[in-house]
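With compact mmCIF, N, CA and C atoms inside, this is coords04.txt:
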```
# COMPACT_ATOMS: atom_id res chain seq x y z
N MET A 119 47.33 -25.36 -14.88
CA MET A 119 46.05 -24.72 -14.92
C MET A 119 44.97 -25.81 -14.89
N ALA A 120 43.94 -25.57 -14.03
CA ALA A 120 42.87 -26.55 -13.91
C ALA A 120 41.85 -26.34 -15.02
N THR A 121 41.34 -27.42 -15.49
CA THR A 121 40.30 -27.34 -16.52
C THR A 121 39.05 -28.01 -16.00
N THR A 122 37.93 -27.55 -16.50
CA THR A 122 36.65 -28.15 -16.11
C THR A 122 35.95 -28.65 -17.35
N LEU A 123 35.03 -29.53 -17.12
CA LEU A 123 34.25 -30.05 -18.23
C LEU A 123 33.22 -29.02 -18.66
N PRO A 124 32.87 -29.01 -19.90
CA PRO A 124 31.82 -28.08 -20.34
C PRO A 124 30.49 -28.52 -19.72
N PRO A 125 29.56 -27.57 -19.57
CA PRO A 125 28.26 -27.94 -19.00
C PRO A 125 27.55 -28.93 -19.91
N PRO A 126 26.74 -29.80 -19.32
CA PRO A 126 26.03 -30.77 -20.16
C PRO A 126 25.06 -30.05 -21.10
N ARG A 127 24.91 -30.61 -22.27
CA ARG A 127 24.00 -30.01 -23.25
C ARG A 127 22.57 -30.29 -22.84
N LYS A 128 21.77 -29.24 -23.00
CA LYS A 128 20.34 -29.39 -22.70
C LYS A 128 19.68 -30.05 -23.91
N PRO A 129 18.70 -30.92 -23.65
CA PRO A 129 18.01 -31.53 -24.79
C PRO A 129 17.26 -30.46 -25.58
N LYS A 130 17.20 -30.63 -26.87
CA LYS A 130 16.50 -29.67 -27.72
C LYS A 130 15.00 -29.79 -27.48
N VAL A 131 14.36 -28.64 -27.46
CA VAL A 131 12.91 -28.60 -27.28
C VAL A 131 12.26 -28.75 -28.65
N THR A 132 11.31 -29.67 -28.72
CA THR A 132 10.63 -29.92 -30.00
C THR A 132 9.33 -29.14 -30.05
N GLU A 133 8.77 -29.03 -31.23
CA GLU A 133 7.46 -28.39 -31.40
C GLU A 133 6.41 -29.12 -30.59
N ALA A 134 6.50 -30.45 -30.52
CA ALA A 134 5.53 -31.23 -29.75
C ALA A 134 5.60 -30.87 -28.27
N ASP A 135 6.83 -30.64 -27.75
CA ASP A 135 6.97 -30.25 -26.35
C ASP A 135 6.32 -28.89 -26.10
N ILE A 136 6.53 -27.98 -27.03
CA ILE A 136 5.95 -26.64 -26.90
C ILE A 136 4.43 -26.72 -26.94
N GLU A 137 3.89 -27.47 -27.87
CA GLU A 137 2.43 -27.63 -27.98
C GLU A 137 1.86 -28.27 -26.72
N ALA A 138 2.59 -29.21 -26.13
CA ALA A 138 2.11 -29.87 -24.92
C ALA A 138 1.98 -28.86 -23.77
N VAL A 139 2.96 -27.97 -23.64
CA VAL A 139 2.91 -26.96 -22.58
C VAL A 139 1.75 -26.00 -22.83
N ILE A 140 1.58 -25.59 -24.07
CA ILE A 140 0.50 -24.66 -24.41
C ILE A 140 -0.86 -25.30 -24.14
N ASN A 141 -1.03 -26.52 -24.55
CA ASN A 141 -2.32 -27.19 -24.41
C ASN A 141 -2.61 -27.61 -22.98
N LYS A 142 -1.57 -27.70 -22.16
CA LYS A 142 -1.76 -28.07 -20.77
C LYS A 142 -2.61 -27.02 -20.06
N GLY A 143 -2.40 -25.76 -20.41
CA GLY A 143 -3.16 -24.69 -19.78
C GLY A 143 -2.62 -24.38 -18.40
N GLY A 144 -3.35 -23.59 -17.70
CA GLY A 144 -2.93 -23.19 -16.36
C GLY A 144 -4.09 -23.27 -15.40
N SER A 145 -3.81 -22.94 -14.18
CA SER A 145 -4.88 -22.97 -13.18
C SER A 145 -5.67 -21.67 -13.25
N THR A 146 -6.87 -21.70 -12.73
CA THR A 146 -7.71 -20.51 -12.73
C THR A 146 -7.27 -19.59 -11.60
N ILE A 147 -7.68 -18.36 -11.70
CA ILE A 147 -7.37 -17.38 -10.67
C ILE A 147 -8.18 -17.72 -9.43
N LYS A 148 -7.52 -17.67 -8.27
CA LYS A 148 -8.22 -17.96 -7.03
C LYS A 148 -9.22 -16.85 -6.76
N GLU A 149 -10.34 -17.23 -6.15
CA GLU A 149 -11.32 -16.23 -5.78
C GLU A 149 -10.74 -15.35 -4.69
N ALA A 150 -11.02 -14.08 -4.77
CA ALA A 150 -10.52 -13.15 -3.77
C ALA A 150 -11.19 -13.46 -2.44
N SER A 151 -10.38 -13.61 -1.42
CA SER A 151 -10.94 -13.87 -0.09
C SER A 151 -11.52 -12.58 0.44
N PRO A 152 -12.56 -12.69 1.25
CA PRO A 152 -13.16 -11.46 1.79
C PRO A 152 -12.14 -10.69 2.61
N ALA A 153 -12.15 -9.39 2.46
CA ALA A 153 -11.18 -8.54 3.15
C ALA A 153 -11.40 -8.57 4.65
N ASP A 154 -10.33 -8.61 5.40
CA ASP A 154 -10.40 -8.56 6.85
C ASP A 154 -10.67 -7.12 7.25
N PRO A 155 -11.82 -6.84 7.89
CA PRO A 155 -12.15 -5.45 8.21
C PRO A 155 -11.20 -4.82 9.23
N GLU A 156 -10.48 -5.63 9.98
CA GLU A 156 -9.56 -5.09 10.98
C GLU A 156 -8.17 -4.82 10.42
N LYS A 157 -7.88 -5.32 9.23
CA LYS A 157 -6.56 -5.14 8.64
C LYS A 157 -6.48 -3.75 7.99
N ALA A 158 -5.40 -3.05 8.26
CA ALA A 158 -5.24 -1.69 7.72
C ALA A 158 -5.03 -1.75 6.21
N LYS A 159 -5.65 -0.84 5.49
CA LYS A 159 -5.47 -0.70 4.05
C LYS A 159 -4.76 0.61 3.79
N HIS A 160 -3.94 0.63 2.78
CA HIS A 160 -3.21 1.85 2.42
C HIS A 160 -3.92 2.53 1.27
N ILE A 161 -4.10 3.84 1.40
CA ILE A 161 -4.68 4.63 0.31
C ILE A 161 -3.83 5.87 0.11
N ASN A 162 -3.92 6.45 -1.06
CA ASN A 162 -3.26 7.72 -1.34
C ASN A 162 -4.33 8.79 -1.42
N VAL A 163 -4.07 9.92 -0.81
CA VAL A 163 -5.01 11.04 -0.83
C VAL A 163 -4.26 12.25 -1.36
N ARG A 164 -4.85 12.93 -2.31
CA ARG A 164 -4.25 14.15 -2.85
C ARG A 164 -5.04 15.34 -2.30
N LEU A 165 -4.34 16.22 -1.64
CA LEU A 165 -4.97 17.41 -1.07
C LEU A 165 -4.27 18.65 -1.61
N THR A 166 -5.03 19.72 -1.73
CA THR A 166 -4.44 20.97 -2.20
C THR A 166 -3.59 21.58 -1.10
N GLY A 167 -2.72 22.47 -1.49
CA GLY A 167 -1.88 23.16 -0.51
C GLY A 167 -2.71 23.95 0.49
N GLN A 168 -3.83 24.49 0.04
CA GLN A 168 -4.70 25.26 0.93
C GLN A 168 -5.28 24.37 2.02
N ILE A 169 -5.72 23.17 1.66
CA ILE A 169 -6.28 22.25 2.64
C ILE A 169 -5.21 21.82 3.64
N ILE A 170 -4.02 21.52 3.15
CA ILE A 170 -2.93 21.11 4.04
C ILE A 170 -2.56 22.26 4.98
N SER A 171 -2.59 23.49 4.48
CA SER A 171 -2.31 24.65 5.34
C SER A 171 -3.34 24.77 6.45
N GLU A 172 -4.61 24.54 6.12
CA GLU A 172 -5.67 24.59 7.13
C GLU A 172 -5.48 23.49 8.17
N ILE A 173 -5.14 22.29 7.70
CA ILE A 173 -4.89 21.18 8.62
C ILE A 173 -3.73 21.54 9.55
N ASP A 174 -2.65 22.10 8.98
CA ASP A 174 -1.50 22.49 9.79
C ASP A 174 -1.89 23.54 10.84
N ARG A 175 -2.73 24.48 10.44
CA ARG A 175 -3.17 25.52 11.38
C ARG A 175 -3.89 24.89 12.57
N HIS A 176 -4.74 23.91 12.31
CA HIS A 176 -5.47 23.22 13.39
C HIS A 176 -4.53 22.33 14.21
N ARG A 177 -3.58 21.70 13.53
CA ARG A 177 -2.63 20.83 14.25
C ARG A 177 -1.80 21.63 15.25
N LEU A 178 -1.41 22.84 14.86
CA LEU A 178 -0.56 23.66 15.72
C LEU A 178 -1.28 24.12 16.98
N LYS A 179 -2.61 24.06 16.99
CA LYS A 179 -3.38 24.43 18.18
C LYS A 179 -3.34 23.32 19.24
N ARG A 180 -2.97 22.11 18.83
CA ARG A 180 -2.91 20.99 19.77
C ARG A 180 -1.73 21.15 20.71
N PRO A 181 -1.89 20.70 21.96
CA PRO A 181 -0.75 20.78 22.88
C PRO A 181 0.39 19.87 22.43
N ARG A 182 1.61 20.34 22.62
CA ARG A 182 2.80 19.57 22.25
C ARG A 182 3.30 18.80 23.47
N LYS A 183 4.10 17.78 23.18
CA LYS A 183 4.78 17.09 24.28
C LYS A 183 5.82 18.06 24.85
N PRO A 184 6.03 18.02 26.16
CA PRO A 184 7.00 18.95 26.75
C PRO A 184 8.38 18.83 26.09
N GLY A 185 8.91 19.96 25.65
CA GLY A 185 10.24 20.01 25.04
C GLY A 185 10.28 19.58 23.58
N SER A 186 9.13 19.19 22.99
CA SER A 186 9.13 18.73 21.61
C SER A 186 8.84 19.90 20.67
N PRO A 187 9.61 20.02 19.59
CA PRO A 187 9.35 21.09 18.63
C PRO A 187 8.23 20.71 17.64
N LYS A 188 7.83 19.44 17.66
CA LYS A 188 6.83 18.96 16.70
C LYS A 188 5.42 19.31 17.16
N PRO A 189 4.49 19.49 16.22
CA PRO A 189 3.08 19.69 16.60
C PRO A 189 2.59 18.48 17.38
N GLY A 190 1.49 18.67 18.10
CA GLY A 190 0.97 17.62 18.96
C GLY A 190 0.37 16.44 18.24
N ILE A 191 0.12 16.56 16.93
CA ILE A 191 -0.49 15.46 16.18
C ILE A 191 0.04 15.50 14.74
N SER A 192 0.21 14.33 14.15
CA SER A 192 0.69 14.27 12.76
C SER A 192 -0.46 14.55 11.80
N ILE A 193 -0.11 14.90 10.56
CA ILE A 193 -1.15 15.12 9.54
C ILE A 193 -1.96 13.85 9.35
N HIS A 194 -1.29 12.72 9.28
CA HIS A 194 -1.97 11.44 9.10
C HIS A 194 -3.00 11.22 10.21
N ASP A 195 -2.57 11.37 11.47
CA ASP A 195 -3.48 11.14 12.60
C ASP A 195 -4.63 12.14 12.60
N TRP A 196 -4.34 13.39 12.22
CA TRP A 196 -5.39 14.41 12.18
C TRP A 196 -6.45 14.02 11.15
N ILE A 197 -6.01 13.55 9.97
CA ILE A 197 -6.95 13.16 8.92
C ILE A 197 -7.76 11.94 9.37
N VAL A 198 -7.12 10.97 10.01
CA VAL A 198 -7.85 9.79 10.49
C VAL A 198 -8.90 10.21 11.52
N GLU A 199 -8.54 11.10 12.45
CA GLU A 199 -9.52 11.60 13.43
C GLU A 199 -10.70 12.27 12.73
N ALA A 200 -10.40 13.08 11.71
CA ALA A 200 -11.46 13.79 11.00
C ALA A 200 -12.41 12.80 10.31
N VAL A 201 -11.85 11.76 9.72
CA VAL A 201 -12.68 10.76 9.04
C VAL A 201 -13.55 10.03 10.06
N LEU A 202 -12.97 9.65 11.21
CA LEU A 202 -13.74 8.95 12.23
C LEU A 202 -14.86 9.83 12.78
N GLU A 203 -14.57 11.12 12.99
CA GLU A 203 -15.62 12.04 13.44
C GLU A 203 -16.75 12.13 12.43
N LYS A 204 -16.40 12.21 11.15
CA LYS A 204 -17.42 12.29 10.09
C LYS A 204 -18.25 11.01 10.06
N LEU A 205 -17.61 9.86 10.22
CA LEU A 205 -18.35 8.59 10.22
C LEU A 205 -19.31 8.51 11.41
N ASN A 206 -18.90 9.03 12.57
CA ASN A 206 -19.77 9.01 13.75
C ASN A 206 -20.96 9.93 13.57
N ILE A 207 -20.76 11.06 12.90
CA ILE A 207 -21.84 12.01 12.66
C ILE A 207 -22.87 11.40 11.72
N GLU A 208 -22.43 10.69 10.71
CA GLU A 208 -23.34 10.19 9.67
C GLU A 208 -23.94 8.82 9.98
N LYS A 209 -23.82 8.35 11.21
CA LYS A 209 -24.42 7.04 11.56
C LYS A 209 -25.92 7.10 11.51
```

For this file, write the structure as structure tokens.
Amino acid sequence: MATTLPPPRKPKVTEADIEAVINKGGSTIKEASPADPEKAKHINVRLTGQIISEIDRHRLKRPRKPGSPKPGISIHDWIVEAVLEKLNIEK
């Protein structure tokens, strides 16, 4: 049977070592870089069932791709279109 040596013992940490780490401190938090306006951001939106039903009703009016059982536009894309339309109106 093969035997191996025990792992080397780690040196004991002294109170002085601990104090040195504490007193060393850390670096400051980096300033937040300005957000890239072209980079997509993720958000969560909570909508009532009634609002989602209305969105679905409007989505189903869109033409579908030939042979596709899916509505012509996703809920996500429909909401993005609605937001962009609202932003254009309020310019």

Arg177 of chain A: which residues within 6 Å, counting only N, CA and C atoms, same-chain residues fewer than 3 positions away excluded, as an NGL selection string?
:A and (172-174 or 180 or 189-191)

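Here atom C of Val163 of chain A and atom N of Leu178 of chain A stand 19.6 Å from one another.
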
Assign secondary structure with DSSP using the backbone only, and return the residues of chain A in helix (DSSP H, G or I) as a ChimeraX atom specification.
/A:133-142,167-177,193-207

Those same residues - N, CA and C atoms - I'd like them written as a CSV table (one decimal), in the coordinates of the input.
```csv
chain,number,residue,atom,x,y,z
A,133,GLU,N,8.8,-29.0,-31.2
A,133,GLU,CA,7.5,-28.4,-31.4
A,133,GLU,C,6.4,-29.1,-30.6
A,134,ALA,N,6.5,-30.4,-30.5
A,134,ALA,CA,5.5,-31.2,-29.8
A,134,ALA,C,5.6,-30.9,-28.3
A,135,ASP,N,6.8,-30.6,-27.8
A,135,ASP,CA,7.0,-30.2,-26.4
A,135,ASP,C,6.3,-28.9,-26.1
A,136,ILE,N,6.5,-28.0,-27.0
A,136,ILE,CA,6.0,-26.6,-26.9
A,136,ILE,C,4.4,-26.7,-26.9
A,137,GLU,N,3.9,-27.5,-27.9
A,137,GLU,CA,2.4,-27.6,-28.0
A,137,GLU,C,1.9,-28.3,-26.7
A,138,ALA,N,2.6,-29.2,-26.1
A,138,ALA,CA,2.1,-29.9,-24.9
A,138,ALA,C,2.0,-28.9,-23.8
A,139,VAL,N,3.0,-28.0,-23.6
A,139,VAL,CA,2.9,-27.0,-22.6
A,139,VAL,C,1.8,-26.0,-22.8
A,140,ILE,N,1.6,-25.6,-24.1
A,140,ILE,CA,0.5,-24.7,-24.4
A,140,ILE,C,-0.9,-25.3,-24.1
A,141,ASN,N,-1.0,-26.5,-24.6
A,141,ASN,CA,-2.3,-27.2,-24.4
A,141,ASN,C,-2.6,-27.6,-23.0
A,142,LYS,N,-1.6,-27.7,-22.2
A,142,LYS,CA,-1.8,-28.1,-20.8
A,142,LYS,C,-2.6,-27.0,-20.1
A,167,GLY,N,-2.7,22.5,-1.5
A,167,GLY,CA,-1.9,23.2,-0.5
A,167,GLY,C,-2.7,24.0,0.5
A,168,GLN,N,-3.8,24.5,0.0
A,168,GLN,CA,-4.7,25.3,0.9
A,168,GLN,C,-5.3,24.4,2.0
A,169,ILE,N,-5.7,23.2,1.7
A,169,ILE,CA,-6.3,22.2,2.6
A,169,ILE,C,-5.2,21.8,3.6
A,170,ILE,N,-4.0,21.5,3.2
A,170,ILE,CA,-2.9,21.1,4.0
A,170,ILE,C,-2.6,22.3,5.0
A,171,SER,N,-2.6,23.5,4.5
A,171,SER,CA,-2.3,24.6,5.3
A,171,SER,C,-3.3,24.8,6.4
A,172,GLU,N,-4.6,24.5,6.1
A,172,GLU,CA,-5.7,24.6,7.1
A,172,GLU,C,-5.5,23.5,8.2
A,173,ILE,N,-5.1,22.3,7.7
A,173,ILE,CA,-4.9,21.2,8.6
A,173,ILE,C,-3.7,21.5,9.6
A,174,ASP,N,-2.6,22.1,9.0
A,174,ASP,CA,-1.5,22.5,9.8
A,174,ASP,C,-1.9,23.5,10.8
A,175,ARG,N,-2.7,24.5,10.4
A,175,ARG,CA,-3.2,25.5,11.4
A,175,ARG,C,-3.9,24.9,12.6
A,176,HIS,N,-4.7,23.9,12.3
A,176,HIS,CA,-5.5,23.2,13.4
A,176,HIS,C,-4.5,22.3,14.2
A,177,ARG,N,-3.6,21.7,13.5
A,177,ARG,CA,-2.6,20.8,14.2
A,177,ARG,C,-1.8,21.6,15.2
A,193,ILE,N,-0.1,14.9,10.6
A,193,ILE,CA,-1.2,15.1,9.5
A,193,ILE,C,-2.0,13.8,9.4
A,194,HIS,N,-1.3,12.7,9.3
A,194,HIS,CA,-2.0,11.4,9.1
A,194,HIS,C,-3.0,11.2,10.2
A,195,ASP,N,-2.6,11.4,11.5
A,195,ASP,CA,-3.5,11.1,12.6
A,195,ASP,C,-4.6,12.1,12.6
A,196,TRP,N,-4.3,13.4,12.2
A,196,TRP,CA,-5.4,14.4,12.2
A,196,TRP,C,-6.4,14.0,11.2
A,197,ILE,N,-6.0,13.6,10.0
A,197,ILE,CA,-7.0,13.2,8.9
A,197,ILE,C,-7.8,11.9,9.4
A,198,VAL,N,-7.1,11.0,10.0
A,198,VAL,CA,-7.8,9.8,10.5
A,198,VAL,C,-8.9,10.2,11.5
A,199,GLU,N,-8.5,11.1,12.4
A,199,GLU,CA,-9.5,11.6,13.4
A,199,GLU,C,-10.7,12.3,12.7
A,200,ALA,N,-10.4,13.1,11.7
A,200,ALA,CA,-11.5,13.8,11.0
A,200,ALA,C,-12.4,12.8,10.3
A,201,VAL,N,-11.8,11.8,9.7
A,201,VAL,CA,-12.7,10.8,9.0
A,201,VAL,C,-13.6,10.0,10.1
A,202,LEU,N,-13.0,9.6,11.2
A,202,LEU,CA,-13.7,9.0,12.2
A,202,LEU,C,-14.9,9.8,12.8
A,203,GLU,N,-14.6,11.1,13.0
A,203,GLU,CA,-15.6,12.0,13.4
A,203,GLU,C,-16.8,12.1,12.4
A,204,LYS,N,-16.4,12.2,11.2
A,204,LYS,CA,-17.4,12.3,10.1
A,204,LYS,C,-18.2,11.0,10.1
A,205,LEU,N,-17.6,9.9,10.2
A,205,LEU,CA,-18.4,8.6,10.2
A,205,LEU,C,-19.3,8.5,11.4
A,206,ASN,N,-18.9,9.0,12.6
A,206,ASN,CA,-19.8,9.0,13.8
A,206,ASN,C,-21.0,9.9,13.6
A,207,ILE,N,-20.8,11.1,12.9
A,207,ILE,CA,-21.8,12.0,12.7
A,207,ILE,C,-22.9,11.4,11.7
```
